[in-house]
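The structure file model.cif is reproduced below (mmCIF, C-alpha atoms and all ligand atoms).
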data_structure
loop_
_atom_site.label_atom_id
_atom_site.label_comp_id
_atom_site.auth_asym_id
_atom_site.auth_seq_id
_atom_site.Cartn_x
_atom_site.Cartn_y
_atom_site.Cartn_z
CA MET M 261 103.94 76.52 89.30
CA THR M 262 102.36 76.69 85.90
CA ARG M 263 101.00 80.21 85.70
CA VAL M 264 103.52 82.72 84.43
CA LEU M 265 103.37 86.32 85.63
CA TYR M 266 105.42 89.13 84.16
CA LEU M 267 105.96 91.54 87.05
CA ILE M 268 107.02 94.79 85.42
CA ALA M 269 108.44 97.62 87.51
CA CYS M 270 109.32 101.23 86.72
CA ALA M 271 111.71 103.56 88.52
CA ALA M 272 109.24 104.57 91.21
CA GLY M 273 109.72 104.28 94.97
CA PRO M 274 108.29 100.78 95.62
CA THR M 275 110.70 99.23 93.13
CA GLN M 276 113.29 99.45 95.89
CA HIS M 277 111.27 96.60 97.43
CA ILE M 278 110.56 94.61 94.27
CA ASP M 279 112.12 91.52 95.85
CA ASP M 280 109.24 91.51 98.38
CA ALA M 281 106.74 91.69 95.53
CA VAL M 282 108.40 88.72 93.82
CA ARG M 283 108.17 86.71 97.04
CA GLN M 284 104.47 87.55 97.40
CA ALA M 285 103.71 86.70 93.78
CA ARG M 286 105.52 83.38 94.07
CA ALA M 287 103.65 82.60 97.29
CA ALA M 288 100.41 83.29 95.38
CA GLY M 289 101.38 80.59 92.89
CA TRP M 290 102.86 82.63 90.06
CA ASP M 291 106.02 81.60 88.27
CA THR M 292 107.24 85.20 88.35
CA CYS M 293 109.43 86.76 85.68
CA LEU M 294 110.74 90.22 86.45
CA VAL M 295 111.01 92.99 83.85
CA LEU M 296 112.42 96.38 84.81
CA THR M 297 112.57 99.64 82.91
CA PRO M 298 116.14 100.71 82.14
CA SER M 299 115.87 103.36 84.87
CA ALA M 300 114.65 100.78 87.40
CA ALA M 301 117.40 98.38 86.36
CA ARG M 302 119.94 101.07 87.36
CA TRP M 303 118.50 100.99 90.88
CA TRP M 304 119.12 97.23 91.08
CA GLU M 305 122.27 97.13 88.93
CA ALA M 306 124.51 95.77 91.68
CA ARG M 307 121.94 93.18 92.81
CA LEU M 308 120.33 91.90 89.60
CA GLY M 309 121.84 88.48 90.36
CA GLU M 310 119.84 88.30 93.59
CA LEU M 311 116.64 88.96 91.68
CA GLU M 312 117.53 86.29 89.14
CA MET M 313 118.13 83.78 91.94
CA LEU M 314 114.80 84.72 93.46
CA THR M 315 112.75 84.42 90.26
CA GLY M 316 114.73 81.63 88.61
CA HIS M 317 114.68 83.64 85.37
CA PRO M 318 116.85 86.28 83.74
CA VAL M 319 115.77 89.79 84.71
CA ARG M 320 114.92 91.57 81.47
CA TRP M 321 115.24 95.32 81.10
CA GLN M 322 116.00 95.92 77.46
CA TYR M 323 114.71 94.71 74.12
CA LYS M 324 116.47 91.70 72.65
CA LEU M 325 118.40 92.01 69.41
CA PRO M 326 116.91 90.76 66.13
CA GLY M 327 117.41 87.01 65.93
CA GLN M 328 117.82 86.50 69.68
CA GLN M 329 115.61 83.88 71.35
CA ASP M 330 113.01 84.86 73.94
CA ALA M 331 114.58 84.57 77.38
CA LEU M 332 111.30 84.19 79.27
CA PRO M 333 108.32 81.82 78.97
CA PRO M 334 105.11 83.35 77.55
CA ALA M 335 103.07 85.33 80.08
CA ASP M 336 99.64 84.26 81.35
CA ALA M 337 99.21 87.68 82.97
CA MET M 338 101.15 90.88 83.50
CA LEU M 339 101.24 93.29 86.41
CA ILE M 340 102.95 96.62 85.85
CA ALA M 341 103.57 98.02 89.31
CA PRO M 342 104.73 100.44 90.35
CA LEU M 343 103.77 102.28 87.17
CA SER M 344 105.63 105.60 87.14
CA CYS M 345 104.05 108.81 85.97
CA THR M 346 106.46 108.89 83.03
CA SER M 347 105.74 105.34 81.87
CA LEU M 348 102.00 105.88 82.36
CA ASN M 349 102.03 108.90 80.07
CA LYS M 350 104.29 107.24 77.51
CA TRP M 351 102.02 104.20 77.42
CA GLY M 352 98.94 106.42 77.11
CA ALA M 353 100.57 108.15 74.16
CA GLY M 354 101.44 104.85 72.49
CA ILE M 355 105.17 105.12 73.08
CA ALA M 356 106.87 101.78 73.74
CA ASP M 357 110.54 102.70 73.84
CA THR M 358 111.28 100.32 76.72
CA LEU M 359 110.79 96.56 76.83
CA ALA M 360 108.51 97.11 79.84
CA LEU M 361 106.13 99.29 77.83
CA GLY M 362 106.46 97.15 74.72
CA LEU M 363 105.26 94.08 76.60
CA VAL M 364 102.17 95.68 78.11
CA SER M 365 101.16 97.83 75.17
CA GLU M 366 101.26 94.87 72.81
CA GLY M 367 100.19 92.28 75.40
CA VAL M 368 96.83 93.88 76.11
CA HIS M 369 95.92 93.60 72.42
CA LEU M 370 97.06 89.99 72.33
CA GLY M 371 94.51 89.18 75.02
CA VAL M 372 96.89 88.90 77.95
CA PRO M 373 95.21 90.05 81.21
CA ILE M 374 97.04 93.14 82.42
CA ALA M 375 96.78 95.07 85.68
CA ALA M 376 98.57 98.34 86.38
CA MET M 377 99.06 100.05 89.73
CA PRO M 378 100.58 103.55 89.60
CA TYR M 379 102.76 105.16 92.25
CA PHE M 380 103.46 108.86 92.14
CA ASN M 381 102.75 111.96 94.19
CA GLN M 382 99.87 114.41 93.90
CA ALA M 383 102.00 117.02 92.14
CA GLN M 384 102.98 114.52 89.45
CA GLY M 385 99.38 113.32 89.27
CA ALA M 386 98.13 116.88 88.71
CA GLN M 387 99.51 116.92 85.18
CA PRO M 388 96.58 116.96 82.72
CA ALA M 389 98.17 114.06 80.86
CA VAL M 390 97.63 111.73 83.82
CA PRO M 391 93.81 111.35 83.77
CA ARG M 392 93.95 111.19 79.98
CA SER M 393 96.49 108.38 80.08
CA LEU M 394 94.57 106.45 82.73
CA ALA M 395 91.42 106.68 80.60
CA VAL M 396 93.28 105.54 77.47
CA LEU M 397 94.60 102.50 79.32
CA ARG M 398 91.14 101.59 80.60
CA GLU M 399 89.66 101.96 77.11
CA GLN M 400 92.08 99.30 75.95
CA GLY M 401 91.09 96.88 78.69
CA VAL M 402 93.91 97.41 81.18
CA HIS M 403 92.75 96.87 84.76
CA VAL M 404 93.96 100.14 86.29
CA LEU M 405 94.34 100.10 90.06
CA ASP M 406 94.17 103.75 91.02
CA GLY M 407 91.95 105.46 93.58
CA PRO M 408 90.69 103.77 96.75
CA ALA M 409 90.76 100.28 95.19
CA GLY M 410 94.40 100.65 94.23
CA TYR M 411 96.93 103.35 94.96
CA GLU M 412 96.03 107.01 95.49
CA PRO M 413 98.77 109.60 94.90
CA HIS M 414 100.40 110.78 98.11
CA PRO M 415 101.35 114.35 99.05
CA PRO M 416 104.81 115.27 97.70
CA LYS M 417 107.66 114.02 99.91
CA ARG M 418 105.19 111.94 101.94
CA GLY M 419 105.33 108.66 100.07
CA ASN M 420 105.92 105.40 101.86
CA PRO M 421 107.28 103.04 99.22
CA SER M 422 107.64 100.16 101.67
CA SER M 423 103.87 100.10 102.24
CA PHE M 424 102.93 99.83 98.56
CA PRO M 425 99.93 97.44 98.52
CA TRP M 426 101.37 94.62 96.41
CA SER M 427 98.82 92.22 97.92
CA ARG M 428 95.97 94.37 96.57
CA ALA M 429 97.52 94.31 93.11
CA LEU M 430 98.00 90.54 93.21
CA ALA M 431 94.42 89.99 94.42
CA ALA M 432 93.07 92.15 91.60
CA LEU M 433 95.17 90.23 89.14
CA GLU M 434 93.48 86.98 90.22
CA ALA M 435 90.11 88.53 89.43
CA VAL M 436 91.29 89.83 86.05
CA ASN M 437 92.87 86.49 85.19
CA ALA M 438 89.71 84.58 86.07
CA ARG M 439 87.58 86.56 83.57
C1 LIG M 501 114.94 108.41 93.75
C2 LIG M 501 113.84 108.61 92.76
C3 LIG M 501 112.58 108.25 93.08
C4 LIG M 501 111.54 108.41 92.16
N1 LIG M 501 110.29 108.04 92.51
C5 LIG M 501 109.30 108.16 91.61
C6 LIG M 501 107.99 107.71 91.95
O1 LIG M 501 107.74 107.22 93.05
N2 LIG M 501 107.02 107.82 91.00
C7 LIG M 501 107.26 108.34 89.77
O2 LIG M 501 106.34 108.40 88.95
N3 LIG M 501 108.50 108.79 89.41
C8 LIG M 501 109.52 108.69 90.30
N4 LIG M 501 110.77 109.09 89.97
C9 LIG M 501 110.99 109.65 88.63
C10 LIG M 501 111.18 108.50 87.62
O3 LIG M 501 112.24 107.65 88.03
C11 LIG M 501 111.49 109.09 86.22
O4 LIG M 501 110.33 109.75 85.73
C12 LIG M 501 111.91 108.04 85.23
O5 LIG M 501 112.13 108.65 83.98
C13 LIG M 501 110.87 106.95 85.08
O6 LIG M 501 111.30 106.07 84.07
P1 LIG M 501 110.58 104.67 83.85
O7 LIG M 501 109.12 104.91 83.91
O8 LIG M 501 111.04 104.26 82.49
O9 LIG M 501 111.07 103.75 84.92
C14 LIG M 501 111.81 108.95 90.88
C15 LIG M 501 113.11 109.32 90.57
C16 LIG M 501 114.12 109.14 91.49
C17 LIG M 501 115.51 109.53 91.10
#
Translate this structure into structure tokens?
Ligand SMILES: Cc1cc2nc3c(=O)[nH]c(=O)nc-3n(C[C@H](O)[C@H](O)[C@H](O)COP(=O)(O)O)c2cc1C
Amino acid sequence: MTRVLYLIACAAGPTQHIDDAVRQARAAGWDTCLVLTPSAARWWEARLGELEMLTGHPVRWQYKLPGQQDALPPADAMLIAPLSCTSLNKWGAGIADTLALGLVSEGVHLGVPIAAMPYFNQAQGAQPAVPRSLAVLREQGVHVLDGPAGYEPHPPKRGNPSSFPWSRALAALEAVNAR
């Protein structure tokens, strides 16, 4: 495996199944490094070791300290999925107070191909900030996978995190990476 993917996950439902996403990304030929938001890392706190065994890399969830070496190889592409409503709006506003958001917000302007697939319900998606943030990401060159080609917000309380279409996100990433 020579292509390095940063798979970046927020504290949204499908992150409960992030191990499945890692397996699919590896099967697609990506040396997969996992980055979690601090909130998502809490969900996996007791099992971070399993994820490290699976990826063969440290799982990163917070910024390093000044002077510390990078723990991961440089990324050839990044997929931020699931992208929570909160992280979407922070990113759209230029806030990078988590390593997850720091990597994508800087990465896109360093020329790294980046795809983002949100996951939130229709009530969260009804906030006026959401379409604004999606547009701001697209303007910057992020390949946003919302709507029929990606993930469409579900009715509140009706989400099915285990059916999150990781394969669609990985397929789109191939297309973005080939550009
Ligand atoms: C059990 C649980 C499930 C959640 N699911 C979602 C979700 O599917 N989508 C979403 O946008 N936010 C969801 N949230 C809210 C986010 O976790 C919250 O906004 C958090 O601040 C996101 O932080 P992050 O984007 O840094 O991971 C959920 C919260 C909890 C406690």
TODO: Pick out the residues sitting within 10 Å of Ala341 of chain M, and hand them over as a PyMOL selection string; count all atoms listed in the file, and ignore anything fewer than 6 positions along from it in its own chain.
DONE: chain M and resi 267-272+274-275+278+281+375-379+405+424-426+429
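Taking atom CA of Ala288 of chain M and atom O3 of ligand LIG 501 (chain M) as the two end points, the separation is 28.1 Å.
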Within 8 Å of ligand LIG 501 (chain M) (counting all atoms listed in the file), which residues show up? I'd like them as a tab-separated table (two decimals) with C-alpha atoms, keeping the file's coordinate frame.
chain	number	residue	atom	x	y	z
M	269	ALA	CA	108.44	97.62	87.51
M	270	CYS	CA	109.32	101.23	86.72
M	271	ALA	CA	111.71	103.56	88.52
M	272	ALA	CA	109.24	104.57	91.21
M	273	GLY	CA	109.72	104.28	94.97
M	274	PRO	CA	108.29	100.78	95.62
M	296	LEU	CA	112.42	96.38	84.81
M	297	THR	CA	112.57	99.64	82.91
M	298	PRO	CA	116.14	100.71	82.14
M	299	SER	CA	115.87	103.36	84.87
M	300	ALA	CA	114.65	100.78	87.40
M	342	PRO	CA	104.73	100.44	90.35
M	343	LEU	CA	103.77	102.28	87.17
M	344	SER	CA	105.63	105.60	87.14
M	345	CYS	CA	104.05	108.81	85.97
M	346	THR	CA	106.46	108.89	83.03
M	347	SER	CA	105.74	105.34	81.87
M	348	LEU	CA	102.00	105.88	82.36
M	358	THR	CA	111.28	100.32	76.72
M	378	PRO	CA	100.58	103.55	89.60
M	379	TYR	CA	102.76	105.16	92.25
M	380	PHE	CA	103.46	108.86	92.14
M	381	ASN	CA	102.75	111.96	94.19
M	384	GLN	CA	102.98	114.52	89.45
M	419	GLY	CA	105.33	108.66	100.07
M	421	PRO	CA	107.28	103.04	99.22
Around segment 376-390 of chain M, with edges along x, y and z and 8 Å added on all six sides, what centre and edge lengths do you get, in Å to one decimal, as AutoDock Vina command-line options?
--center_x 100.0 --center_y 107.7 --center_z 87.5 --size_x 22.9 --size_y 34.7 --size_z 29.3
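With all atoms listed in the file as the basis for measurement, M:Asn349 is the residue among M:Ser422, M:Asn349, M:Thr292, M:Gln276 that approaches Leu394 of chain M most closely.
Of the listed residues (M:Ala285, M:Ala438, M:Leu339, M:Leu370), M:Leu339 comes nearest to Val404 of chain M; the distances count only C-alpha atoms.
Straight-line separation from atom CA of Leu308 of chain M to atom CA of Trp351 of chain M: 25.2 Å.
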Open item on the list: I'd like the neighbourhood of Tyr323 of chain M as a list in words, where a residue qualifies if any of its atoms comes within 12 Å (using only C-alpha atoms), though same-chain residues fewer than 3 positions away should be ignored.
Closed with: Val295, Leu296, Thr297, Pro298, Val319, Arg320, Pro326, Gly327, Gln328, Gln329, Asp330, Ala331, Ala356, Asp357, Thr358, Leu359, Ala360, Leu361, Gly362 and Leu363 of chain M
Just to be explicit: take each residue in the selection above, keep C-alpha atoms, and write the result as a PDB file, in the frame of the given file.
ATOM      1  CA  VAL M 295     111.010  92.990  83.850  1.00  0.00           C
ATOM      2  CA  LEU M 296     112.420  96.380  84.810  1.00  0.00           C
ATOM      3  CA  THR M 297     112.570  99.640  82.910  1.00  0.00           C
ATOM      4  CA  PRO M 298     116.140 100.710  82.140  1.00  0.00           C
ATOM      5  CA  VAL M 319     115.770  89.790  84.710  1.00  0.00           C
ATOM      6  CA  ARG M 320     114.920  91.570  81.470  1.00  0.00           C
ATOM      7  CA  PRO M 326     116.910  90.760  66.130  1.00  0.00           C
ATOM      8  CA  GLY M 327     117.410  87.010  65.930  1.00  0.00           C
ATOM      9  CA  GLN M 328     117.820  86.500  69.680  1.00  0.00           C
ATOM     10  CA  GLN M 329     115.610  83.880  71.350  1.00  0.00           C
ATOM     11  CA  ASP M 330     113.010  84.860  73.940  1.00  0.00           C
ATOM     12  CA  ALA M 331     114.580  84.570  77.380  1.00  0.00           C
ATOM     13  CA  ALA M 356     106.870 101.780  73.740  1.00  0.00           C
ATOM     14  CA  ASP M 357     110.540 102.700  73.840  1.00  0.00           C
ATOM     15  CA  THR M 358     111.280 100.320  76.720  1.00  0.00           C
ATOM     16  CA  LEU M 359     110.790  96.560  76.830  1.00  0.00           C
ATOM     17  CA  ALA M 360     108.510  97.110  79.840  1.00  0.00           C
ATOM     18  CA  LEU M 361     106.130  99.290  77.830  1.00  0.00           C
ATOM     19  CA  GLY M 362     106.460  97.150  74.720  1.00  0.00           C
ATOM     20  CA  LEU M 363     105.260  94.080  76.600  1.00  0.00           C
TER      21      LEU M 363
END
TODO: Compute the distance from (106.4, 82.3, 77.8) to each atom, counting all atoms listed in the file, keep the residues with any atom at most 10 Å away, and return them as JSON, numbers by chain; use the coordinates of the file.
DONE: {"M": [263, 264, 265, 266, 293, 330, 331, 332, 333, 334, 335, 336]}
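In this model, the gap between atom CA of Gly289 of chain M and atom CA of Gly371 of chain M comes to 21.0 Å.
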- [ ] Go through M:Leu397, M:Leu294, M:Ala389, M:Ala337 and flag the residue nearest Thr262 of chain M, using all atoms listed in the file for the distances.
- [x] M:Ala337
Task: Shortest interatomic distance to Val282 of chain M - which of M:Glu399, M:Pro415, M:Val390, M:Leu430, counting only C-alpha atoms - done: M:Leu430
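Among the candidate residues M:Ser365, M:Gln387, M:Thr315, M:Gln382, the one lying nearest to His414 of chain M is M:Gln382, with distances computed using all atoms listed in the file.
Counting only C-alpha atoms, the residue from M:Ser423, M:Ala386, M:Met338, M:Gly354 that sits nearest to Gly367 of chain M is M:Met338.
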